[in-house]
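What follows is start.tsv (TSV, C-alpha atoms).
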chain	number	residue	atom	x	y	z
A	1	MET	CA	67.83	114.85	114.23
A	2	THR	CA	70.27	117.79	113.86
A	3	LYS	CA	72.07	118.66	110.66
A	4	PHE	CA	75.37	117.67	112.32
A	5	THR	CA	73.97	114.27	113.29
A	6	LYS	CA	72.72	113.71	109.76
A	7	PHE	CA	76.07	114.78	108.33
A	8	ALA	CA	78.04	112.56	110.73
A	9	GLY	CA	75.73	109.66	109.97
A	10	ALA	CA	76.17	110.15	106.24
A	11	LEU	CA	79.94	110.27	106.63
A	12	LEU	CA	79.92	107.10	108.72
A	13	ALA	CA	77.68	105.32	106.22
A	14	SER	CA	79.82	106.33	103.24
A	15	SER	CA	82.96	105.34	105.12
A	16	LEU	CA	81.52	101.92	105.91
A	17	LEU	CA	80.40	101.45	102.33
A	18	ALA	CA	83.81	102.47	101.03
A	19	SER	CA	85.54	100.16	103.50
A	20	ALA	CA	83.29	97.27	102.51
A	21	ALA	CA	83.92	97.85	98.82
A	22	PHE	CA	87.65	98.15	99.43
A	23	ALA	CA	87.69	94.98	101.48
A	24	GLN	CA	86.02	93.14	98.62
A	25	ASN	CA	88.56	94.43	96.09
A	26	PRO	CA	92.07	94.06	97.47
A	27	THR	CA	95.00	94.66	95.16
A	28	PHE	CA	97.10	91.52	94.70
A	29	PHE	CA	100.76	91.99	93.84
A	30	ARG	CA	102.81	88.96	92.77
A	31	ILE	CA	106.59	89.09	93.15
A	32	GLY	CA	108.62	86.46	91.30
A	33	THR	CA	111.66	85.34	93.29
A	34	GLY	CA	113.76	82.17	92.94
A	35	GLY	CA	114.24	78.75	94.49
A	36	ALA	CA	113.60	78.23	98.19
A	37	GLY	CA	117.28	77.41	98.82
A	38	GLY	CA	118.55	80.71	97.39
A	39	THR	CA	118.42	84.38	98.38
A	40	TYR	CA	115.68	85.76	96.11
A	41	PHE	CA	112.91	83.83	97.86
A	42	PRO	CA	113.50	85.03	101.46
A	43	ILE	CA	114.29	88.58	100.32
A	44	GLY	CA	111.18	88.65	98.12
A	45	GLY	CA	109.12	87.45	101.06
A	46	THR	CA	110.47	90.24	103.27
A	47	ILE	CA	109.70	92.88	100.64
A	48	ALA	CA	106.21	91.43	100.15
A	49	ASN	CA	105.60	91.65	103.89
A	50	GLY	CA	106.88	95.21	104.07
A	51	ILE	CA	104.78	96.63	101.24
A	52	SER	CA	101.54	94.78	102.17
A	53	SER	CA	98.66	96.21	104.16
A	54	PRO	CA	95.61	94.00	103.52
A	55	PRO	CA	92.11	95.46	103.71
A	56	GLY	CA	90.91	95.52	107.31
A	57	SER	CA	94.37	95.42	108.88
A	58	ARG	CA	95.32	97.81	111.67
A	59	ALA	CA	96.84	101.15	110.77
A	60	CYS	CA	100.61	101.47	110.88
A	61	ASP	CA	100.56	103.92	113.81
A	62	GLN	CA	98.42	101.45	115.75
A	63	GLY	CA	100.91	98.60	115.44
A	64	GLY	CA	99.59	97.27	112.14
A	65	GLN	CA	101.28	96.80	108.78
A	66	CYS	CA	102.85	99.85	107.18
A	67	GLY	CA	102.55	98.98	103.53
A	68	VAL	CA	100.28	100.22	100.75
A	69	PRO	CA	96.65	100.27	101.97
A	70	GLY	CA	94.68	97.40	100.47
A	71	LEU	CA	97.75	95.75	98.95
A	72	ILE	CA	98.39	92.02	99.37
A	73	ALA	CA	101.86	91.20	98.06
A	74	ILE	CA	102.85	87.56	97.57
A	75	ALA	CA	106.34	86.17	96.94
A	76	GLN	CA	106.25	83.32	94.42
A	77	SER	CA	109.06	80.77	94.00
A	78	THR	CA	110.24	80.68	90.36
A	79	THR	CA	113.32	79.83	88.33
A	80	ALA	CA	114.53	83.42	88.86
A	81	SER	CA	115.71	86.23	86.58
A	82	VAL	CA	114.79	85.23	83.02
A	83	PHE	CA	111.45	83.76	84.05
A	84	ASN	CA	110.62	86.73	86.28
A	85	ASN	CA	111.36	89.34	83.61
A	86	ALA	CA	109.41	87.44	80.96
A	87	ALA	CA	106.46	87.04	83.35
A	88	VAL	CA	106.49	90.76	84.19
A	89	GLN	CA	106.57	91.59	80.47
A	90	ASN	CA	103.66	89.23	79.79
A	91	GLY	CA	101.55	90.36	82.76
A	92	GLU	CA	101.86	87.05	84.62
A	93	LEU	CA	103.67	88.78	87.51
A	94	GLU	CA	103.49	92.37	88.73
A	95	ALA	CA	107.12	92.36	89.87
A	96	GLY	CA	110.20	90.20	90.07
A	97	LEU	CA	113.74	90.02	91.37
A	98	ALA	CA	116.26	89.78	88.55
A	99	ALA	CA	119.97	90.14	87.85
A	100	ALA	CA	121.02	93.45	86.32
A	101	ASP	CA	122.78	91.98	83.28
A	102	VAL	CA	119.83	89.78	82.31
A	103	THR	CA	117.39	92.65	82.82
A	104	ARG	CA	119.39	94.90	80.52
A	105	SER	CA	119.71	92.22	77.81
A	106	MET	CA	116.01	91.37	77.94
A	107	TYR	CA	114.87	95.00	77.94
A	108	LEU	CA	117.04	95.88	74.94
A	109	GLY	CA	116.61	92.53	73.17
A	110	GLU	CA	120.33	91.87	72.83
A	111	GLY	CA	122.71	88.93	73.33
A	112	LYS	CA	120.79	85.72	73.95
A	113	PHE	CA	117.57	87.75	73.63
A	114	GLU	CA	118.48	89.30	70.27
A	115	GLY	CA	115.35	90.47	68.50
A	116	LYS	CA	113.16	89.77	71.54
A	117	PRO	CA	113.04	93.03	73.53
A	118	HIS	CA	110.98	93.28	76.72
A	119	PRO	CA	109.96	96.96	76.58
A	120	LYS	CA	107.63	96.87	79.60
A	121	LEU	CA	110.42	96.23	82.12
A	122	ARG	CA	110.92	99.05	84.62
A	123	LEU	CA	113.17	99.33	87.67
A	124	VAL	CA	112.18	100.14	91.24
A	125	ALA	CA	115.50	99.62	93.03
A	126	ASN	CA	118.94	98.09	93.07
A	127	LEU	CA	118.81	95.65	95.97
A	128	PHE	CA	122.06	93.81	96.76
A	129	PRO	CA	125.11	92.21	95.11
A	130	GLU	CA	124.77	88.57	94.02
A	131	ASP	CA	128.13	86.88	94.39
A	132	LEU	CA	128.94	84.01	92.04
A	133	HIS	CA	129.59	80.86	94.06
A	134	VAL	CA	131.60	78.15	92.27
A	135	VAL	CA	131.07	75.26	94.67
A	136	MET	CA	133.21	72.13	94.77
A	137	PRO	CA	133.54	69.08	97.05
A	138	LYS	CA	135.68	69.46	100.16
A	139	GLY	CA	139.37	69.22	99.26
A	140	SER	CA	138.85	70.01	95.55
A	141	SER	CA	140.24	72.96	93.63
A	142	ILE	CA	140.64	74.35	90.11
A	143	ASP	CA	143.10	76.88	88.69
A	144	ASP	CA	140.52	78.48	86.39
A	145	LEU	CA	137.23	77.69	84.66
A	146	GLY	CA	139.04	75.78	81.92
A	147	ASP	CA	139.65	72.99	84.44
A	148	LEU	CA	135.93	72.18	84.28
A	149	MET	CA	136.38	70.69	80.81
A	150	GLU	CA	134.84	67.19	80.70
A	151	LYS	CA	133.59	67.57	84.29
A	152	ARG	CA	130.08	67.17	85.73
A	153	VAL	CA	128.97	70.75	86.25
A	154	GLY	CA	125.79	72.30	87.63
A	155	ILE	CA	125.07	75.39	85.51
A	156	ALA	CA	121.95	76.52	87.43
A	157	GLN	CA	118.38	76.06	86.28
A	158	ALA	CA	117.03	77.02	82.89
A	159	GLY	CA	115.36	80.41	83.11
A	160	SER	CA	117.91	81.78	85.56
A	161	GLY	CA	120.24	84.70	85.06
A	162	THR	CA	123.03	82.63	86.57
A	163	GLN	CA	122.89	80.11	83.72
A	164	VAL	CA	122.98	82.81	81.04
A	165	ALA	CA	126.07	84.42	82.59
A	166	VAL	CA	127.84	81.16	83.47
A	167	LEU	CA	127.63	79.81	79.93
A	168	GLN	CA	129.22	83.04	78.67
A	169	MET	CA	132.01	82.76	81.24
A	170	LEU	CA	132.72	79.09	80.54
A	171	ASP	CA	132.81	79.75	76.80
A	172	ALA	CA	135.61	82.28	77.35
A	173	TRP	CA	137.70	79.42	78.76
A	174	GLY	CA	136.79	77.08	75.92
A	175	VAL	CA	134.16	75.11	77.83
A	176	ASN	CA	130.67	74.67	76.38
A	177	ARG	CA	127.78	72.23	76.74
A	178	ASP	CA	129.50	69.73	74.41
A	179	LYS	CA	132.67	69.75	76.50
A	180	MET	CA	131.18	69.03	79.91
A	181	SER	CA	128.37	67.03	81.45
A	182	GLU	CA	126.07	69.85	82.45
A	183	ALA	CA	123.17	69.66	84.88
A	184	GLU	CA	120.36	72.25	84.90
A	185	LEU	CA	119.45	72.31	88.58
A	186	ASN	CA	118.42	74.81	91.20
A	187	ASN	CA	120.69	75.58	94.13
A	188	SER	CA	119.24	73.01	96.55
A	189	GLN	CA	119.31	70.25	93.95
A	190	SER	CA	122.89	71.13	93.00
A	191	ALA	CA	124.02	71.03	96.64
A	192	GLU	CA	122.41	67.61	97.08
A	193	ARG	CA	124.04	66.23	93.91
A	194	LEU	CA	127.44	67.59	94.96
A	195	ALA	CA	127.07	66.05	98.42
A	196	ASP	CA	126.19	62.70	96.82
A	197	GLY	CA	129.23	62.76	94.55
A	198	GLN	CA	127.22	63.29	91.37
A	199	LEU	CA	128.72	66.71	90.52
A	200	ASP	CA	132.30	67.95	90.37
A	201	ALA	CA	131.26	71.59	90.69
A	202	TYR	CA	128.27	73.88	90.41
A	203	PHE	CA	127.58	77.58	89.91
A	204	TYR	CA	125.11	79.76	91.74
A	205	ALA	CA	124.91	83.56	91.93
A	206	ALA	CA	123.20	84.78	95.09
A	207	GLY	CA	123.62	87.02	98.07
A	208	TRP	CA	125.53	85.26	100.82
A	209	PRO	CA	124.93	83.36	102.99
A	210	VAL	CA	122.95	80.94	100.79
A	211	ALA	CA	120.86	78.52	102.88
A	212	ALA	CA	121.59	75.39	100.84
A	213	MET	CA	125.33	76.11	100.99
A	214	VAL	CA	125.23	76.76	104.71
A	215	GLN	CA	123.77	73.28	105.11
A	216	LEU	CA	126.25	71.72	102.66
A	217	ALA	CA	129.22	73.35	104.39
A	218	SER	CA	128.12	72.18	107.83
A	219	THR	CA	127.46	68.57	106.76
A	220	LYS	CA	129.56	67.25	103.88
A	221	GLY	CA	131.80	70.30	103.61
A	222	MET	CA	132.66	72.26	100.46
A	223	GLU	CA	135.18	74.51	98.76
A	224	LEU	CA	134.63	77.77	96.85
A	225	HIS	CA	136.74	78.82	93.89
A	226	SER	CA	138.53	82.14	94.38
A	227	PHE	CA	139.22	83.86	91.05
A	228	GLU	CA	142.53	85.48	90.14
A	229	GLN	CA	142.36	89.23	89.50
A	230	ASP	CA	143.11	88.78	85.78
A	231	ASP	CA	140.23	86.31	85.53
A	232	LEU	CA	137.88	88.78	87.25
A	233	LYS	CA	138.95	91.46	84.75
A	234	LYS	CA	138.33	89.05	81.87
A	235	ILE	CA	134.82	88.27	83.14
A	236	ASN	CA	134.05	91.98	83.59
A	237	GLU	CA	135.04	92.61	79.97
A	238	ILE	CA	132.74	89.80	78.79
A	239	ILE	CA	129.83	90.75	81.06
A	240	PRO	CA	130.23	94.36	82.27
A	241	ALA	CA	127.45	93.96	84.86
A	242	TYR	CA	129.61	91.40	86.71
A	243	ILE	CA	132.10	93.32	88.85
A	244	PRO	CA	134.83	92.09	91.25
A	245	SER	CA	133.50	91.24	94.71
A	246	LYS	CA	134.39	89.19	97.77
A	247	ILE	CA	132.76	86.56	99.99
A	248	PRO	CA	134.52	87.08	103.33
A	249	ALA	CA	136.18	84.23	105.16
A	250	GLY	CA	133.90	82.65	107.73
A	251	VAL	CA	130.61	83.19	105.93
A	252	TYR	CA	130.42	79.41	105.46
A	253	GLU	CA	131.73	76.80	107.88
A	254	GLY	CA	135.13	75.53	106.78
A	255	ILE	CA	135.73	78.36	104.29
A	256	ASP	CA	138.42	80.19	106.23
A	257	TYR	CA	139.69	82.19	103.26
A	258	ASP	CA	138.38	85.22	101.37
A	259	VAL	CA	136.74	84.22	98.10
A	260	HIS	CA	137.34	86.68	95.26
A	261	THR	CA	134.53	86.32	92.78
A	262	PRO	CA	132.40	88.30	90.31
A	263	ALA	CA	129.05	89.69	91.44
A	264	VAL	CA	126.01	91.19	89.75
A	265	SER	CA	123.36	93.43	91.25
A	266	ALA	CA	119.90	92.08	92.01
A	267	MET	CA	117.14	94.45	90.90
A	268	LEU	CA	113.46	94.81	91.75
A	269	VAL	CA	111.65	94.99	88.42
A	270	VAL	CA	108.02	95.90	87.70
A	271	SER	CA	105.82	96.39	84.66
A	272	SER	CA	105.28	99.73	82.95
A	273	ASP	CA	101.57	98.83	83.00
A	274	LEU	CA	101.41	99.48	86.76
A	275	SER	CA	100.11	102.90	87.74
A	276	GLU	CA	102.42	105.65	88.96
A	277	GLU	CA	100.40	105.90	92.16
A	278	LEU	CA	100.77	102.20	92.99
A	279	VAL	CA	104.52	102.02	92.33
A	280	TYR	CA	105.07	105.28	94.22
A	281	GLY	CA	103.31	103.74	97.22
A	282	ILE	CA	105.30	100.51	96.93
A	283	THR	CA	108.61	102.38	96.68
A	284	LYS	CA	107.72	104.55	99.66
A	285	ALA	CA	106.71	101.48	101.69
A	286	MET	CA	109.99	99.72	100.83
A	287	TRP	CA	111.98	102.44	102.52
A	288	ASN	CA	109.90	103.13	105.63
A	289	ASP	CA	111.08	102.33	109.17
A	290	ASN	CA	108.91	99.23	109.46
A	291	THR	CA	110.34	97.60	106.32
A	292	ARG	CA	113.82	98.62	107.49
A	293	LYS	CA	113.32	96.52	110.64
A	294	LEU	CA	112.06	93.57	108.57
A	295	LEU	CA	115.09	93.73	106.27
A	296	ASP	CA	117.55	94.08	109.15
A	297	ASN	CA	116.09	91.14	111.05
A	298	GLY	CA	115.55	88.77	108.11
A	299	HIS	CA	118.08	87.32	105.67
A	300	ALA	CA	121.65	88.58	106.14
A	301	LYS	CA	121.54	90.33	102.75
A	302	GLY	CA	118.63	92.45	103.95
A	303	LYS	CA	121.00	94.80	105.74
A	304	GLN	CA	122.59	95.68	102.38
A	305	ILE	CA	119.26	96.75	100.89
A	306	THR	CA	119.10	100.49	101.56
A	307	ALA	CA	117.57	103.59	100.06
A	308	ASP	CA	121.06	105.11	99.78
A	309	THR	CA	122.15	102.33	97.38
A	310	ALA	CA	118.79	101.90	95.63
A	311	LEU	CA	119.92	103.84	92.56
A	312	ASP	CA	123.47	102.46	92.34
A	313	GLY	CA	124.17	101.42	88.76
A	314	VAL	CA	120.63	102.18	87.61
A	315	ALA	CA	121.43	105.11	85.30
A	316	ALA	CA	124.15	103.15	83.49
A	317	LEU	CA	122.03	100.03	83.04
A	318	GLY	CA	119.85	101.46	80.30
A	319	VAL	CA	116.55	100.24	81.79
A	320	PRO	CA	114.20	103.06	82.87
A	321	LEU	CA	112.98	103.63	86.38
A	322	HIS	CA	109.24	103.31	86.76
A	323	PRO	CA	107.72	106.84	86.99
A	324	GLY	CA	106.26	106.00	90.41
A	325	ALA	CA	109.68	105.07	91.78
A	326	GLU	CA	111.24	108.11	90.09
A	327	LYS	CA	108.67	110.35	91.76
A	328	PHE	CA	109.56	108.98	95.21
A	329	TYR	CA	113.33	109.28	94.77
A	330	LYS	CA	112.97	112.88	93.57
A	331	GLU	CA	110.68	113.66	96.50
A	332	VAL	CA	113.27	112.48	99.06
A	333	GLY	CA	116.23	114.07	97.29
A	334	LEU	CA	117.88	110.87	96.00
A	335	LEU	CA	117.32	111.86	92.37
A	336	ASN	CA	117.53	115.24	90.68
For this file, produce the structure as structure tokens.
Amino acid sequence: MTKFTKFAGALLASSLLASAAFAQNPTFFRIGTGGAGGTYFPIGGTIANGISSPPGSRACDQGGQCGVPGLIAIAQSTTASVFNNAAVQNGELEAGLAAADVTRSMYLGEGKFEGKPHPKLRLVANLFPEDLHVVMPKGSSIDDLGDLMEKRVGIAQAGSGTQVAVLQMLDAWGVNRDKMSEAELNNSQSAERLADGQLDAYFYAAGWPVAAMVQLASTKGMELHSFEQDDLKKINEIIPAYIPSKIPAGVYEGIDYDVHTPAVSAMLVVSSDLSEELVYGITKAMWNDNTRKLLDNGHAKGKQITADTALDGVAALGVPLHPGAEKFYKEVGLLN
């Protein structure tokens, strides 16, 4: 046996051993999302698909997955922002999708989270705007949020960023839990209750189009409240992370008017406990050509998730980027 043969054999053996060990020890990466009828869940699933590359899968250049080698990312349905951030802080999730305002409040330990900071929260990217939908039965309308006094109102599920923000908004118009019949429900449950005549209105912040609302609009029909500009300004003063936005006419069947509404950015959040190398790989995989195709061909909001907007609003939010994400953005010239 020649020296070259021995060397090649040793390389092959070590490669096989390494592959076997790697296959036995995949890296699992849990991403907290939201309810199945919202936007977080399908978007989280697309991101999970894009960043995954399970042990033994074909290489990217051979038609396989183009994610982080050995990584198995899984999108988990949750009650959204508050739950996701708390689970990331506590090590129950590696990552989560969460609204910008809730993430800031929880990181700093302010507002509803006064004295309860979540110092392990780190950002990977700004994803897309979440437009506040104020949904009402077909033919219904309100002048402003004060008209919801004494009404049956869906305020989103406990543990969601929507509920935290909505209660602040309603309070500014003199409406609180004691002055309405509130229901803590997810988006699908709220749409069903509205269709059955059990709710007068419900709130849900999500990237349009929202699946449960698409179904509601095409069956029972619905209306969306369009805010006056002064009301949008008032909301922005109360919750600076909520900025004026628009749901264009035609997004939902029967809604043939532009809906002016506040919106908050959805963020991808991870734990500071994750290694720089892992988060660098995840960030790089999020913005490769393969993930771009997945985002463009999945949920409609996927097209708005781009590397060029990944850092929008991040510096002003007061929550640090993860060093792994920071390294990638500096490498590609998106960050100085």
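Going from CA of Asn290 in chain A to CA of Glu331 in chain A covers 19.5 Å.
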Point to revise | Among the residues A:Thr283, A:Asn84, A:Asn236, A:Thr78, the one that comes closest to His322 in chain A [using all atoms listed in the file] | key: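 Among the listed residues, the smallest separation from His322 in chain A belongs to A:Thr283.
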Exercise for review: With a distance cut-off of 8 Å and only C-alpha atoms, select the neighbouring residues of range 189-198 of chain A, excluding the residue or stretch itself and same-chain residues fewer than 5 positions from it, and output the selection as a list in words.
Suggested key: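 The residues satisfying every condition are Met136, Pro137, Arg152, Gly154, Ala156, Ala212, Met213, Leu216 and Lys220 of chain A.
Across A:Gly159, A:Gly50, A:Pro320, A:Pro55, the tightest approach to Asn186 in chain A is made by A:Gly159 when counting only C-alpha atoms.
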Point to revise | Atomic separation - CA of Ala201 in chain A relative to CA of Leu185 in chain A, Å | key: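 Separation of CA of Leu185 in chain A and CA of Ala201 in chain A: 12.0 Å.
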Practice item. Between CA of Ser140 in chain A and CA of Phe227 in chain A, measure the distance and give it in Å to one decimal. Key: 14.6 Å
Point to revise | Leu121 in chain A surroundings by only C-alpha atoms, 8 Å radius, close-in-sequence under 3 positions cut, as number ranges by chain | key: A: 85, 88-89, 103, 107, 118, 269-272, 319-320
Exercise for review: Find, counting only C-alpha atoms, the residue in A:Ile155, A:Met149, A:Ile43, A:Ala316 that gets nearest to Ala183 in chain A.
Suggested key: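 The closest residue to Ala183 in chain A is A:Ile155.
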Check your understanding: Smallest atom-to-atom distance to Tyr257 in chain A: which of A:Asp200, A:Asp143, A:Glu223, A:Glu326, using all atoms listed in the file?
Key ->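 Residue with the minimum atom-to-atom distance to Tyr257 in chain A: A:Glu223.
All residues that come within 10 Å of the coordinates (117.0, 95.8, 105.9), counting only C-alpha atoms, are given as A:Ile43, A:Thr46, A:Ile47, A:Met286, A:Trp287, A:Asp289, A:Asn290, A:Thr291, A:Arg292, A:Lys293, A:Leu294, A:Leu295, A:Asp296, A:Asn297, A:Gly298, A:His299, A:Ala300, A:Lys301, A:Gly302, A:Lys303, A:Gln304, A:Ile305, A:Thr306, A:Ala307.
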**Study point:** Nearest candidate to Phe28 in chain A (options A:Ile72, A:Leu268, A:Pro54, A:Asp308; using all atoms listed in the file)
**Key:**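 The answer is A:Ile72, which sits nearest to Phe28 in chain A.
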Practice item. Please tell me which residues are no farther than 9 Å from (102.8, 88.7, 86.6) in the file, counting all atoms listed in the file, and write them as a PyMOL selection string. Key: chain A and resi 29-32+84+86-96+270-271
